[in-house]
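J.: final.cif is reproduced in full below (mmCIF, C-alpha atoms).
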```cif
data_work
#
loop_
_atom_site.label_atom_id
_atom_site.label_comp_id
_atom_site.auth_asym_id
_atom_site.auth_seq_id
_atom_site.Cartn_x
_atom_site.Cartn_y
_atom_site.Cartn_z
CA MET A 1 198.04 31.22 3.68
CA LEU A 2 197.64 30.14 7.28
CA ARG A 3 199.02 30.80 10.75
CA LYS A 4 200.74 27.87 12.44
CA THR A 5 201.50 27.55 16.14
CA MET A 6 205.16 26.66 16.72
CA ASP A 7 207.39 25.75 19.67
CA GLU A 8 209.98 28.34 20.57
CA ARG A 9 213.63 27.37 20.38
CA PRO A 10 214.67 27.02 24.03
CA ASP A 11 217.78 29.15 23.49
CA TRP A 12 216.45 31.71 21.01
CA GLN A 13 217.13 34.71 23.24
CA ALA A 14 220.76 33.68 23.71
CA ILE A 15 221.09 33.20 19.94
CA ALA A 16 219.57 36.64 19.36
CA GLU A 17 221.89 38.43 21.76
CA ALA A 18 224.95 36.58 20.47
CA ASN A 19 224.10 37.91 17.01
CA GLY A 20 223.46 41.51 18.03
CA PHE A 21 219.66 41.25 18.08
CA VAL A 22 219.34 43.10 21.38
CA PHE A 23 215.85 44.50 20.82
CA HIS A 24 214.00 41.16 20.73
CA HIS A 25 211.90 42.60 23.56
CA VAL A 26 210.88 46.28 23.67
CA ASP A 27 209.84 47.90 26.95
CA GLY A 28 209.39 44.44 28.42
CA GLU A 29 207.06 43.31 25.62
CA ILE A 30 208.01 40.57 23.18
CA TYR A 31 208.96 41.85 19.72
CA TRP A 32 210.45 38.78 18.01
CA ASP A 33 207.71 36.15 18.30
CA GLU A 34 208.38 32.60 17.15
CA ARG A 35 205.43 31.04 18.96
CA ALA A 36 203.80 30.98 15.52
CA CYS A 37 204.66 31.50 11.87
CA TRP A 38 202.71 32.33 8.73
CA GLN A 39 202.74 29.74 5.95
CA PHE A 40 202.31 30.49 2.23
CA THR A 41 202.36 28.49 -0.96
CA LEU A 42 204.96 29.33 -3.57
CA GLN A 43 202.22 30.45 -5.96
CA GLU A 44 200.82 32.86 -3.37
CA VAL A 45 204.23 34.43 -2.86
CA GLU A 46 205.16 34.64 -6.53
CA ASP A 47 201.79 35.80 -7.88
CA GLU A 48 200.44 37.91 -5.03
CA ILE A 49 203.54 39.36 -3.33
CA GLU A 50 206.60 39.22 -5.57
CA ASP A 51 205.06 40.14 -8.95
CA PRO A 52 202.96 43.03 -7.56
CA THR A 53 206.03 44.38 -5.80
CA THR A 54 207.88 44.59 -9.11
CA GLU A 55 204.96 46.30 -10.84
CA LEU A 56 204.18 48.73 -8.02
CA TYR A 57 207.80 49.81 -7.68
CA ALA A 58 207.97 50.61 -11.39
CA MET A 59 204.81 52.70 -10.97
CA CYS A 60 206.43 54.52 -8.04
CA LEU A 61 209.52 55.36 -10.09
CA SER A 62 207.33 56.73 -12.86
CA LEU A 63 205.62 58.97 -10.31
CA VAL A 64 209.00 60.25 -9.12
CA ASP A 65 209.86 61.15 -12.71
CA ASP A 66 206.60 63.08 -13.06
CA ALA A 67 206.99 64.85 -9.72
CA CYS A 68 210.53 66.01 -10.44
CA ALA A 69 209.22 67.89 -13.47
CA SER A 70 206.13 69.36 -11.82
CA GLN A 71 205.75 72.25 -9.39
CA GLU A 72 202.12 71.22 -8.90
CA LEU A 73 203.06 67.72 -7.76
CA MET A 74 205.78 68.96 -5.43
CA GLU A 75 203.20 71.22 -3.80
CA LYS A 76 200.70 68.36 -3.51
CA LEU A 77 203.41 66.33 -1.77
CA ALA A 78 204.02 69.16 0.74
CA ILE A 79 207.72 69.21 -0.08
CA PRO A 80 209.40 72.49 0.93
CA ARG A 81 210.07 74.69 -2.09
CA SER A 82 213.71 75.05 -1.04
CA MET A 83 214.15 71.29 -1.53
CA TRP A 84 212.64 70.95 -5.01
CA ASP A 85 215.91 71.34 -6.88
CA LEU A 86 217.78 69.02 -4.51
CA ILE A 87 215.21 66.28 -5.06
CA ALA A 88 214.97 66.78 -8.82
CA ASN A 89 218.74 66.83 -9.25
CA SER A 90 219.03 63.71 -7.11
CA TRP A 91 216.67 61.90 -9.49
CA ARG A 92 218.05 63.27 -12.75
CA SER A 93 221.63 62.47 -11.81
CA GLY A 94 220.68 58.85 -11.18
CA GLU A 95 221.47 58.66 -7.47
CA ALA A 96 221.01 55.03 -6.52
CA SER A 97 218.47 53.64 -4.07
CA LEU A 98 219.40 50.83 -1.72
CA TYR A 99 216.10 49.49 -0.41
CA GLY A 100 212.45 49.99 0.55
CA ARG A 101 209.50 48.06 1.94
CA PHE A 102 205.91 47.90 0.75
CA ASP A 103 203.24 47.18 3.33
CA PHE A 104 200.46 44.99 1.96
CA ALA A 105 197.03 43.92 3.16
CA TYR A 106 196.81 40.29 2.09
CA ASN A 107 194.94 37.37 3.65
CA GLY A 108 195.28 34.68 0.99
CA SER A 109 192.03 35.68 -0.70
CA GLY A 110 192.09 38.20 -3.52
CA PRO A 111 194.97 40.45 -4.55
CA ALA A 112 197.38 42.09 -2.11
CA LYS A 113 196.55 45.75 -1.56
CA MET A 114 199.27 48.35 -1.12
CA LEU A 115 198.82 50.17 2.18
CA GLU A 116 201.94 52.34 1.84
CA PHE A 117 205.58 52.30 0.82
CA ASN A 118 208.31 52.70 3.44
CA ALA A 119 210.74 54.17 0.96
CA ASP A 120 213.29 56.02 3.05
CA THR A 121 214.09 54.49 6.45
CA PRO A 122 212.28 51.13 6.64
CA THR A 123 213.18 49.13 9.73
CA SER A 124 212.91 45.40 10.60
CA VAL A 125 215.52 44.66 7.95
CA TYR A 126 217.82 42.67 10.28
CA GLU A 127 214.95 40.55 11.55
CA THR A 128 213.89 39.83 7.99
CA ALA A 129 217.25 39.29 6.36
CA PHE A 130 219.06 37.34 9.05
CA PHE A 131 217.13 36.26 12.11
CA GLN A 132 214.04 34.72 10.50
CA TRP A 133 216.33 32.82 8.11
CA ARG A 134 218.36 31.55 11.06
CA TRP A 135 215.06 30.45 12.67
CA LEU A 136 214.15 28.51 9.53
CA GLU A 137 217.52 26.77 9.40
CA ASP A 138 217.26 25.81 13.07
CA LYS A 139 213.72 24.46 12.66
CA ILE A 140 214.70 22.34 9.66
CA ALA A 141 217.80 21.05 11.46
CA ALA A 142 215.65 20.08 14.46
CA GLY A 143 213.25 18.16 12.22
CA GLU A 144 210.35 20.46 13.09
CA LEU A 145 209.91 21.61 9.50
CA PRO A 146 210.36 19.58 6.29
CA ALA A 147 213.71 19.92 4.55
CA GLU A 148 212.03 21.51 1.51
CA THR A 149 210.60 24.39 3.56
CA ASP A 150 211.65 27.75 2.14
CA GLN A 151 211.22 31.50 2.68
CA PHE A 152 210.82 34.42 0.32
CA ASN A 153 214.06 35.84 1.58
CA ARG A 154 217.25 36.73 -0.22
CA LEU A 155 217.35 40.12 1.42
CA HIS A 156 220.81 39.76 2.96
CA GLU A 157 222.45 38.59 -0.26
CA ALA A 158 220.67 41.30 -2.25
CA LEU A 159 221.87 44.03 0.12
CA VAL A 160 225.47 42.86 -0.12
CA GLU A 161 225.23 42.81 -3.92
CA ARG A 162 223.60 46.23 -4.02
CA PHE A 163 226.24 47.88 -1.84
CA GLY A 164 228.82 46.41 -4.20
CA GLN A 165 227.01 47.97 -7.17
CA MET A 166 226.63 51.38 -5.54
CA PHE A 167 230.21 51.86 -4.29
CA THR A 168 233.73 51.02 -5.41
CA ALA A 169 235.44 48.35 -3.31
CA GLY A 170 237.36 49.91 -0.44
CA SER A 171 235.22 53.07 -0.35
CA LEU A 172 234.70 54.74 3.01
CA VAL A 173 230.98 54.94 3.75
CA HIS A 174 229.61 56.52 6.90
CA PHE A 175 226.57 55.10 8.66
CA SER A 176 224.45 57.24 10.92
CA ALA A 177 221.53 57.08 13.33
CA VAL A 178 220.57 58.37 16.75
CA ALA A 179 223.34 56.66 18.71
CA ASP A 180 221.39 55.98 21.90
CA HIS A 181 218.30 54.56 20.15
CA ILE A 182 218.82 50.83 20.68
CA GLU A 183 216.87 49.51 17.70
CA ASP A 184 218.19 52.10 15.24
CA ARG A 185 221.78 51.64 16.36
CA ALA A 186 221.53 47.85 16.06
CA THR A 187 219.91 48.17 12.64
CA VAL A 188 222.69 50.43 11.39
CA ALA A 189 225.29 48.07 12.87
CA TYR A 190 223.78 45.36 10.66
CA PHE A 191 224.11 47.58 7.60
CA GLU A 192 227.73 48.28 8.53
CA ASP A 193 228.34 44.53 8.56
CA VAL A 194 226.61 44.13 5.20
CA ALA A 195 228.73 46.92 3.71
CA GLY A 196 231.86 45.28 5.07
CA GLN A 197 230.89 42.04 3.35
CA ALA A 198 230.56 44.04 0.13
CA GLY A 199 234.18 45.17 0.47
CA LEU A 200 233.50 48.68 1.78
CA GLU A 201 234.96 50.48 4.79
CA PRO A 202 232.04 51.35 7.10
CA ARG A 203 232.34 53.99 9.83
CA PHE A 204 229.59 54.97 12.28
CA VAL A 205 228.80 58.55 13.23
CA GLY A 206 225.93 59.65 15.45
CA ILE A 207 223.47 62.00 13.77
CA ASP A 208 224.31 64.71 16.31
CA GLN A 209 228.04 64.25 15.70
CA VAL A 210 227.98 65.21 12.03
CA GLY A 211 229.75 68.56 11.58
CA ILE A 212 230.51 71.04 8.80
CA ASP A 213 234.06 72.08 7.95
CA GLU A 214 235.34 75.43 6.65
CA SER A 215 234.67 74.44 3.05
CA GLY A 216 231.04 73.66 3.86
CA GLN A 217 231.38 69.89 3.68
CA PHE A 218 229.96 67.41 6.17
CA VAL A 219 232.61 65.80 8.40
CA ASP A 220 232.73 63.23 11.19
CA PRO A 221 234.20 63.99 14.65
CA GLU A 222 237.68 62.94 13.45
CA GLY A 223 237.52 65.48 10.64
CA TYR A 224 237.04 62.97 7.79
CA GLN A 225 234.88 64.35 5.01
CA ILE A 226 231.66 62.40 4.60
CA GLY A 227 231.60 61.49 0.92
CA ALA A 228 228.74 59.02 1.30
CA ILE A 229 226.44 58.33 4.22
CA PHE A 230 223.70 55.84 4.99
CA LYS A 231 221.36 57.70 7.33
CA LEU A 232 218.56 56.17 9.36
CA TYR A 233 216.96 59.57 9.56
CA PRO A 234 213.96 60.51 7.40
CA TRP A 235 214.12 63.09 4.65
CA GLU A 236 210.90 64.75 5.80
CA ASP A 237 212.76 65.69 9.00
CA MET A 238 216.06 66.51 7.30
CA MET A 239 214.35 68.85 4.85
CA ARG A 240 213.06 70.92 7.75
CA GLU A 241 216.27 71.06 9.79
CA GLU A 242 218.43 74.19 10.06
CA PHE A 243 221.15 72.49 8.02
CA ALA A 244 218.81 71.55 5.15
CA GLN A 245 220.32 74.04 2.71
CA GLN A 246 223.77 72.68 3.53
CA VAL A 247 222.70 69.28 2.17
CA ALA A 248 222.30 70.69 -1.33
CA MET A 249 225.63 72.52 -1.19
CA SER A 250 227.63 69.55 0.05
CA ASN A 251 229.31 66.87 -2.05
CA THR A 252 227.87 64.11 0.12
CA SER A 253 225.92 61.25 -1.42
CA PHE A 254 223.01 60.08 0.73
CA VAL A 255 221.49 56.64 1.10
CA GLU A 256 218.57 56.81 0.65
CA PRO A 257 218.83 59.58 -2.00
CA ALA A 258 216.75 62.75 -1.74
CA TRP A 259 214.27 61.65 -4.43
CA LYS A 260 213.00 58.98 -2.03
CA ALA A 261 211.28 61.85 -0.15
CA ILE A 262 208.59 61.70 -2.85
CA LEU A 263 207.77 58.08 -2.06
CA SER A 264 208.16 58.09 1.74
CA ASN A 265 205.11 60.32 1.84
CA LYS A 266 201.52 59.10 1.99
CA ALA A 267 200.45 61.97 -0.24
CA MET A 268 201.83 59.85 -3.08
CA LEU A 269 199.03 57.30 -2.61
CA PRO A 270 196.28 59.48 -4.14
CA LEU A 271 198.68 60.36 -6.98
CA LEU A 272 199.26 56.68 -7.72
CA TRP A 273 195.52 56.04 -7.66
CA GLU A 274 194.89 58.93 -10.08
CA ARG A 275 197.41 57.46 -12.52
CA HIS A 276 196.36 53.82 -12.15
CA THR A 277 192.70 53.94 -11.12
CA GLY A 278 191.31 50.45 -10.63
CA HIS A 279 194.68 48.68 -10.42
CA ARG A 280 194.16 45.41 -8.59
CA ASN A 281 196.93 46.12 -6.04
CA LEU A 282 196.00 49.74 -5.25
CA LEU A 283 193.38 51.13 -2.89
CA PRO A 284 191.29 54.19 -3.75
CA ALA A 285 192.85 57.22 -2.05
CA ALA A 286 192.32 60.98 -2.04
CA VAL A 287 193.60 64.03 -0.21
CA ALA A 288 191.50 64.82 2.85
CA GLY A 289 188.96 67.58 2.21
CA SER A 290 188.48 66.80 -1.48
CA ASP A 291 185.15 65.58 -2.85
CA ALA A 292 186.70 62.18 -3.60
CA ALA A 293 187.93 61.94 -0.01
CA LYS A 294 184.45 62.74 1.34
CA GLU A 295 183.04 59.87 -0.73
CA LEU A 296 185.69 57.50 0.62
CA ALA A 297 185.06 58.69 4.20
CA ALA A 298 181.42 57.64 3.90
CA GLN A 299 182.60 54.02 3.64
CA PRO A 300 185.08 51.93 5.66
CA HIS A 301 188.31 53.89 5.36
CA VAL A 302 191.63 54.93 6.91
CA THR A 303 192.81 58.47 7.56
CA LYS A 304 196.60 58.87 7.34
CA PRO A 305 198.78 61.96 7.80
CA PHE A 306 201.20 62.61 4.94
CA PHE A 307 204.07 61.90 7.35
CA SER A 308 203.46 59.32 10.04
CA ARG A 309 205.34 56.32 11.40
CA GLU A 310 204.39 53.14 13.23
CA GLY A 311 200.66 53.84 13.04
CA ALA A 312 200.92 57.24 14.74
CA ASP A 313 197.89 59.53 14.31
CA ILE A 314 196.18 57.08 11.96
CA GLU A 315 192.43 56.56 12.27
CA LEU A 316 190.62 53.52 10.88
CA PHE A 317 186.94 52.71 10.45
CA ASP A 318 186.33 49.10 9.44
CA GLY A 319 182.59 49.46 8.97
CA ALA A 320 181.77 48.55 12.54
CA GLN A 321 184.43 50.00 14.82
CA HIS A 322 186.69 53.03 14.95
CA HIS A 323 190.38 52.53 15.81
CA LYS A 324 193.09 55.10 16.52
CA GLY A 325 196.85 54.88 16.49
CA PRO A 326 199.06 56.62 19.08
CA GLU A 327 198.76 60.41 19.10
CA GLN A 328 202.15 61.91 18.24
CA GLY A 329 201.26 65.18 16.58
CA TYR A 330 201.58 64.23 12.90
CA GLY A 331 199.31 65.79 10.32
CA GLU A 332 200.32 69.44 10.04
CA GLU A 333 201.13 69.07 6.33
CA GLY A 334 197.87 67.31 5.51
CA ALA A 335 196.26 63.87 5.39
CA ILE A 336 194.80 61.38 2.96
CA ILE A 337 191.73 59.16 3.05
CA GLN A 338 192.35 55.62 1.82
CA ALA A 339 189.77 52.89 1.29
CA TYR A 340 189.86 50.20 3.97
CA ALA A 341 191.30 46.78 3.19
CA PRO A 342 191.27 44.09 5.90
CA ILE A 343 194.66 42.65 6.71
CA ALA A 344 195.20 38.99 7.60
CA ARG A 345 193.67 38.05 10.93
CA HIS A 346 193.89 35.04 13.23
CA SER A 347 191.95 35.40 16.46
CA ASP A 348 193.08 38.76 17.89
CA ASN A 349 196.22 38.90 15.74
CA HIS A 350 196.26 41.27 12.76
CA ALA A 351 199.15 40.69 10.35
CA VAL A 352 200.55 43.09 7.76
CA ILE A 353 202.87 41.82 5.01
CA GLY A 354 206.12 43.64 4.30
CA SER A 355 207.60 43.14 0.83
CA TRP A 356 211.17 44.32 0.42
CA VAL A 357 212.77 45.92 -2.62
CA VAL A 358 216.54 46.13 -3.10
CA GLY A 359 217.57 48.25 -6.05
CA ASP A 360 214.62 47.66 -8.37
CA ASP A 361 213.96 44.03 -7.43
CA PRO A 362 211.80 42.18 -4.86
CA ALA A 363 214.05 40.59 -2.25
CA GLY A 364 212.11 39.24 0.71
CA MET A 365 209.09 39.27 2.96
CA SER A 366 208.38 40.08 6.59
CA ILE A 367 205.29 39.92 8.78
CA ARG A 368 204.32 42.05 11.75
CA GLU A 369 201.36 41.34 14.00
CA ASP A 370 199.39 43.60 16.29
CA ALA A 371 196.34 43.23 18.50
CA SER A 372 195.01 46.27 16.61
CA PRO A 373 194.25 46.52 12.89
CA ILE A 374 196.61 49.53 12.97
CA THR A 375 200.19 48.25 13.02
CA ARG A 376 201.96 50.17 15.79
CA ASP A 377 205.52 50.51 17.09
CA LEU A 378 205.19 47.52 19.44
CA ALA A 379 203.82 45.16 16.78
CA ARG A 380 205.46 41.74 16.93
CA PHE A 381 207.64 40.27 14.17
CA LEU A 382 206.76 36.69 13.14
CA PRO A 383 208.73 34.49 10.72
CA HIS A 384 207.17 32.99 7.61
CA ILE A 385 207.62 29.82 5.56
CA ILE A 386 206.81 28.60 2.06
CA LEU A 387 205.39 25.07 1.72
CA GLY A 388 203.49 23.75 -1.25
#
```
Please go through the file and, once you have read it, give me the structure as C-alpha cells.

T.:
Amino acid sequence: MLRKTMDERPDWQAIAEANGFVFHHVDGEIYWDERACWQFTLQEVEDEIEDPTTELYAMCLSLVDDACASQELMEKLAIPRSMWDLIANSWRSGEASLYGRFDFAYNGSGPAKMLEFNADTPTSVYETAFFQWRWLEDKIAAGELPAETDQFNRLHEALVERFGQMFTAGSLVHFSAVADHIEDRATVAYFEDVAGQAGLEPRFVGIDQVGIDESGQFVDPEGYQIGAIFKLYPWEDMMREEFAQQVAMSNTSFVEPAWKAILSNKAMLPLLWERHTGHRNLLPAAVAGSDAAKELAAQPHVTKPFFSREGADIELFDGAQHHKGPEQGYGEEGAIIQAYAPIARHSDNHAVIGSWVVGDDPAGMSIREDASPITRDLARFLPHIILG
C-alpha cells in the first residue's frame, strides 16, 4: 500500500460537471482530489479488505438478530421503545438491505480495523462507483497507468443488480432527500439513474414534500401512494420525528429498512466486541462510563457519540495529542470509548478506507483523506488502484 502522486486530467472538472458530479468542490475547497491515488496489491485488497468485509457483515447481521429479540439490547442501543416493534418486524419479515459502507483503519501493515459501519445513509457512493472508475479508464487510455491496472470496484454493477433483486421490473420507487442539499440531491439522482438501469420507474420527492393521505398512507405531491422509497435521511432522526408512528402504520417499504437503525449506531461497536472479543478486525470498545471504558480511556482512544456523522463531536487521543471533530451537539443518547487505531498516513494526509457492501457482498472501495486523523465533512476523496 502506497500513495502515488499523479497528474490531474486537464479537463476533469468539465467531465465531472457533464456527468452530474457538481460537488467536486465544497465551499471552495477541493473534494475530488486526483493529484494522488492510493495503490494496493491484489492480495492486500482480497485478504485485508474484501474478506474481512464479508466476515464483519455476517457478524453485524447476527447482532441484528439478537437485538430484535432483546429488550436489553434495544435499550443499550438507545432506540426509542415505540420503534422496537417496527425494527423487529422489519428484520423478521426479511426487508431487504441495499448497501452500506465499513470504515477501516488500514495502512498496509497488520489487519484492517473496523472503525464503524455506515449502515443507513452512507454517502460518496457516486464518487466510488462511477467517477473513480472513469478516472482509471482515462488514465489507462492516456498511457499513464499500465493496462492491467485495476480497482476493487464493481459497486455500480452490484447496485443495478441489487435493485433488480429487490423490486419487480417496472415498479414505481420514490427517491427522497433534502432537495436543496446539493450533495444529497446529486447522490439521490445517481441512485435514480441506477434504478432506471435496473428497469424500475424512479420518481424524486423532497423529504418535506412527503404527505399523508386520508387512509394514513404516505403520498407524493401528485397524490401517488409511496409504496417504496429510498430515503437519504437517517433512521435515528426519523424515529424521533412527529410522524414516526405513521411509519409503522403505513404500507411503505423503506430503503434502507428499519432494522438498519441497529447498525447505523456506534453503540453496536461495544456489542460486537463483547460477542467477538479479540477478533483481528475489531477494536476494543465499551460504553462510556463503564469500567471497561475507563480502562480504554487510560490508553490512546477515541470517544464517539452513539449518533454522529462526518467526525462531529468525536474526540481522539493518539497517545501524544488530543484531536476534536466539529462540535454539532451530538451525544445526548450516550457515547462509546473505542481503542485507537492509526489510519494510513502520508505526510499530513490521513486516509480512511471505505469498504462497500451491496446486499450481503463486498462491492468496492473508497478512500477519503483529511489533514486531521478525524475524518470530517470536508475530507477529500482520492481514487485507488490495484497493481501487483

J.: Residues picked by the PyMOL selection byres ((chain A and resi 288) around 6) here, as a ChimeraX atom specification?

T.: /A:287,289-290,293,335-337

J.: If we count all atoms listed in the file and set the cut-off at 6 Å, which residues sit around range 75-89 of chain A, ignoring sequence neighbours fewer than 3 positions away in its own chain? Please answer as a count of residues only.

T.: 8

J.: Quick check, in Å to one decimal: how far apart do CA of Val178 in chain A and CA of Thr123 in chain A lie?

T.: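 If I compute the distance from CA of Val178 in chain A to CA of Thr123 in chain A, I get 13.8 Å.
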
J.: Take the PyMOL selection byres ((chain A and resi 154) around 10), apply it to the structure above, and return the hits as an MDAnalysis selection string.

T.: chainID A and resid 128:130 133 151:153 155:159 356 358 362:365

J.: Pick from A:Glu183, A:Leu56, A:Phe230, A:Gln321: nearest to Tyr31 in chain A, with only C-alpha atoms counted?

T.: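 Among the listed residues, the smallest separation from Tyr31 in chain A belongs to A:Glu183.
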
J.: Might you pull out every residue within 8 Å of Asp150 in chain A, with all atoms listed in the file counted and same-chain residues fewer than 3 positions away left off, and present them as number ranges by chain?

T.: A: 136, 385-387

J.: Filtering to C-alpha atoms, could you give me those residues as a PDB file, keeping the file's coordinate frame?

T.:
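Okay, out.pdb is ready:
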```pdb
ATOM      1  CA  LEU A 136     214.150  28.510   9.530  1.00  0.00           C
ATOM      2  CA  ILE A 385     207.620  29.820   5.560  1.00  0.00           C
ATOM      3  CA  ILE A 386     206.810  28.600   2.060  1.00  0.00           C
ATOM      4  CA  LEU A 387     205.390  25.070   1.720  1.00  0.00           C
TER       5      LEU A 387
END
```

J.: Measuring atom to atom with all atoms listed in the file, identify which of A:Ser97, A:Ser171, A:Gln132, A:Ser176 is nearest to Gly206 in chain A.

T.: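 Ranking A:Ser97, A:Ser171, A:Gln132, A:Ser176 by distance to Gly206 in chain A, first place goes to A:Ser176.
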
J.: From the set A:Glu222, A:Glu214, A:Glu34, A:Asp313, which residue has the shortest atom-to-atom contact distance to Glu127 in chain A, counting all atoms listed in the file?

T.: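 Smallest separation from Glu127 in chain A among the options: A:Glu34.
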
J.: Since I can't run it myself right now, could you work out what the PyMOL selection byres ((chain A and resi 21) around 9) selects here and report it as a PyMOL selection string?

T.: chain A and resi 13+15-20+22-24+126-127+131+183+186-187

J.: If I take CA of Gly329 in chain A and CA of Pro270 in chain A, how far is one from the other in Å, to one decimal?

T.: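 Between CA of Gly329 in chain A and CA of Pro270 in chain A the gap is 22.1 Å.
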
J.: To one decimal place, how far is CA of Thr168 in chain A from CA of Leu200 in chain A in Å?

T.: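 CA of Leu200 in chain A lies 7.6 Å from CA of Thr168 in chain A.
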
J.: Excluding Lys139 in chain A and any residue of its chain fewer than 5 positions from it, enumerate the residues within 10 Å of it, using only C-alpha atoms, and give them as a list in words.

T.: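 Within the cut-off, the hits are Met6, Asp7, Glu8, Arg9, Trp133, Arg134, Glu144, Leu145, Pro146, Ala147 and Thr149 of chain A.
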
J.: Taking C-alpha atoms for each residue, export the selection above as a short mmCIF file (atom, residue, chain, number, x, y, z; two decimals), in the frame of the given file.

T.:
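The file below, result_24.cif, is the result:
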```
data_model
loop_
_atom_site.label_atom_id
_atom_site.label_comp_id
_atom_site.auth_asym_id
_atom_site.auth_seq_id
_atom_site.Cartn_x
_atom_site.Cartn_y
_atom_site.Cartn_z
CA MET A 6 205.16 26.66 16.72
CA ASP A 7 207.39 25.75 19.67
CA GLU A 8 209.98 28.34 20.57
CA ARG A 9 213.63 27.37 20.38
CA TRP A 133 216.33 32.82 8.11
CA ARG A 134 218.36 31.55 11.06
CA GLU A 144 210.35 20.46 13.09
CA LEU A 145 209.91 21.61 9.50
CA PRO A 146 210.36 19.58 6.29
CA ALA A 147 213.71 19.92 4.55
CA THR A 149 210.60 24.39 3.56
#
```

J.: Pick the closest to Gln165 in chain A from A:Ala36, A:Ile374, A:Ala198, A:Phe102: which is it, counting only C-alpha atoms?

T.: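 Using only C-alpha atoms, the shortest distance to Gln165 in chain A belongs to A:Ala198.
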
J.: Measuring between all atoms listed in the file, which one of A:Ala179, A:Tyr224, A:His350, A:Pro52 shows the shortest distance to Ile212 in chain A?

T.: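 Nearest candidate to Ile212 in chain A out of A:Ala179, A:Tyr224, A:His350, A:Pro52: A:Tyr224.
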
J.: Which polymer residues, whether protein, DNA or RNA, lie within 12 Å of the coordinate (193.5, 40.3, -0.3) when you count all atoms listed in the file? List them as a PyMOL selection string, using the chain letters and numbers from the file.

T.: chain A and resi 1+44+48-49+104-115+280-283+340-345+352-353

J.: May I have the selected residues written with C-alpha atoms, as a PDB file, keeping the file's coordinate frame?

T.:
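The file below, result_5.pdb, is the result:
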```
ATOM      1  CA  MET A   1     198.040  31.220   3.680  1.00  0.00           C
ATOM      2  CA  GLU A  44     200.820  32.860  -3.370  1.00  0.00           C
ATOM      3  CA  GLU A  48     200.440  37.910  -5.030  1.00  0.00           C
ATOM      4  CA  ILE A  49     203.540  39.360  -3.330  1.00  0.00           C
ATOM      5  CA  PHE A 104     200.460  44.990   1.960  1.00  0.00           C
ATOM      6  CA  ALA A 105     197.030  43.920   3.160  1.00  0.00           C
ATOM      7  CA  TYR A 106     196.810  40.290   2.090  1.00  0.00           C
ATOM      8  CA  ASN A 107     194.940  37.370   3.650  1.00  0.00           C
ATOM      9  CA  GLY A 108     195.280  34.680   0.990  1.00  0.00           C
ATOM     10  CA  SER A 109     192.030  35.680  -0.700  1.00  0.00           C
ATOM     11  CA  GLY A 110     192.090  38.200  -3.520  1.00  0.00           C
ATOM     12  CA  PRO A 111     194.970  40.450  -4.550  1.00  0.00           C
ATOM     13  CA  ALA A 112     197.380  42.090  -2.110  1.00  0.00           C
ATOM     14  CA  LYS A 113     196.550  45.750  -1.560  1.00  0.00           C
ATOM     15  CA  MET A 114     199.270  48.350  -1.120  1.00  0.00           C
ATOM     16  CA  LEU A 115     198.820  50.170   2.180  1.00  0.00           C
ATOM     17  CA  ARG A 280     194.160  45.410  -8.590  1.00  0.00           C
ATOM     18  CA  ASN A 281     196.930  46.120  -6.040  1.00  0.00           C
ATOM     19  CA  LEU A 282     196.000  49.740  -5.250  1.00  0.00           C
ATOM     20  CA  LEU A 283     193.380  51.130  -2.890  1.00  0.00           C
ATOM     21  CA  TYR A 340     189.860  50.200   3.970  1.00  0.00           C
ATOM     22  CA  ALA A 341     191.300  46.780   3.190  1.00  0.00           C
ATOM     23  CA  PRO A 342     191.270  44.090   5.900  1.00  0.00           C
ATOM     24  CA  ILE A 343     194.660  42.650   6.710  1.00  0.00           C
ATOM     25  CA  ALA A 344     195.200  38.990   7.600  1.00  0.00           C
ATOM     26  CA  ARG A 345     193.670  38.050  10.930  1.00  0.00           C
ATOM     27  CA  VAL A 352     200.550  43.090   7.760  1.00  0.00           C
ATOM     28  CA  ILE A 353     202.870  41.820   5.010  1.00  0.00           C
TER      29      ILE A 353
END
```

J.: Pick out the closest residue to Glu369 in chain A from this set: A:Asp220, A:Asp33, A:Asp27, A:Glu161. Count only C-alpha atoms.

T.: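 Of the candidates, the smallest distance to Glu369 in chain A is held by A:Asp33.
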
J.: Residues within 10 Å of His174 in chain A, please, as an MDAnalysis selection string. Count all atoms listed in the file; anything in the same chain fewer than 6 positions from it doesn't count.

T.: chainID A and resid 192 201:206 219:220 224:231 254:255
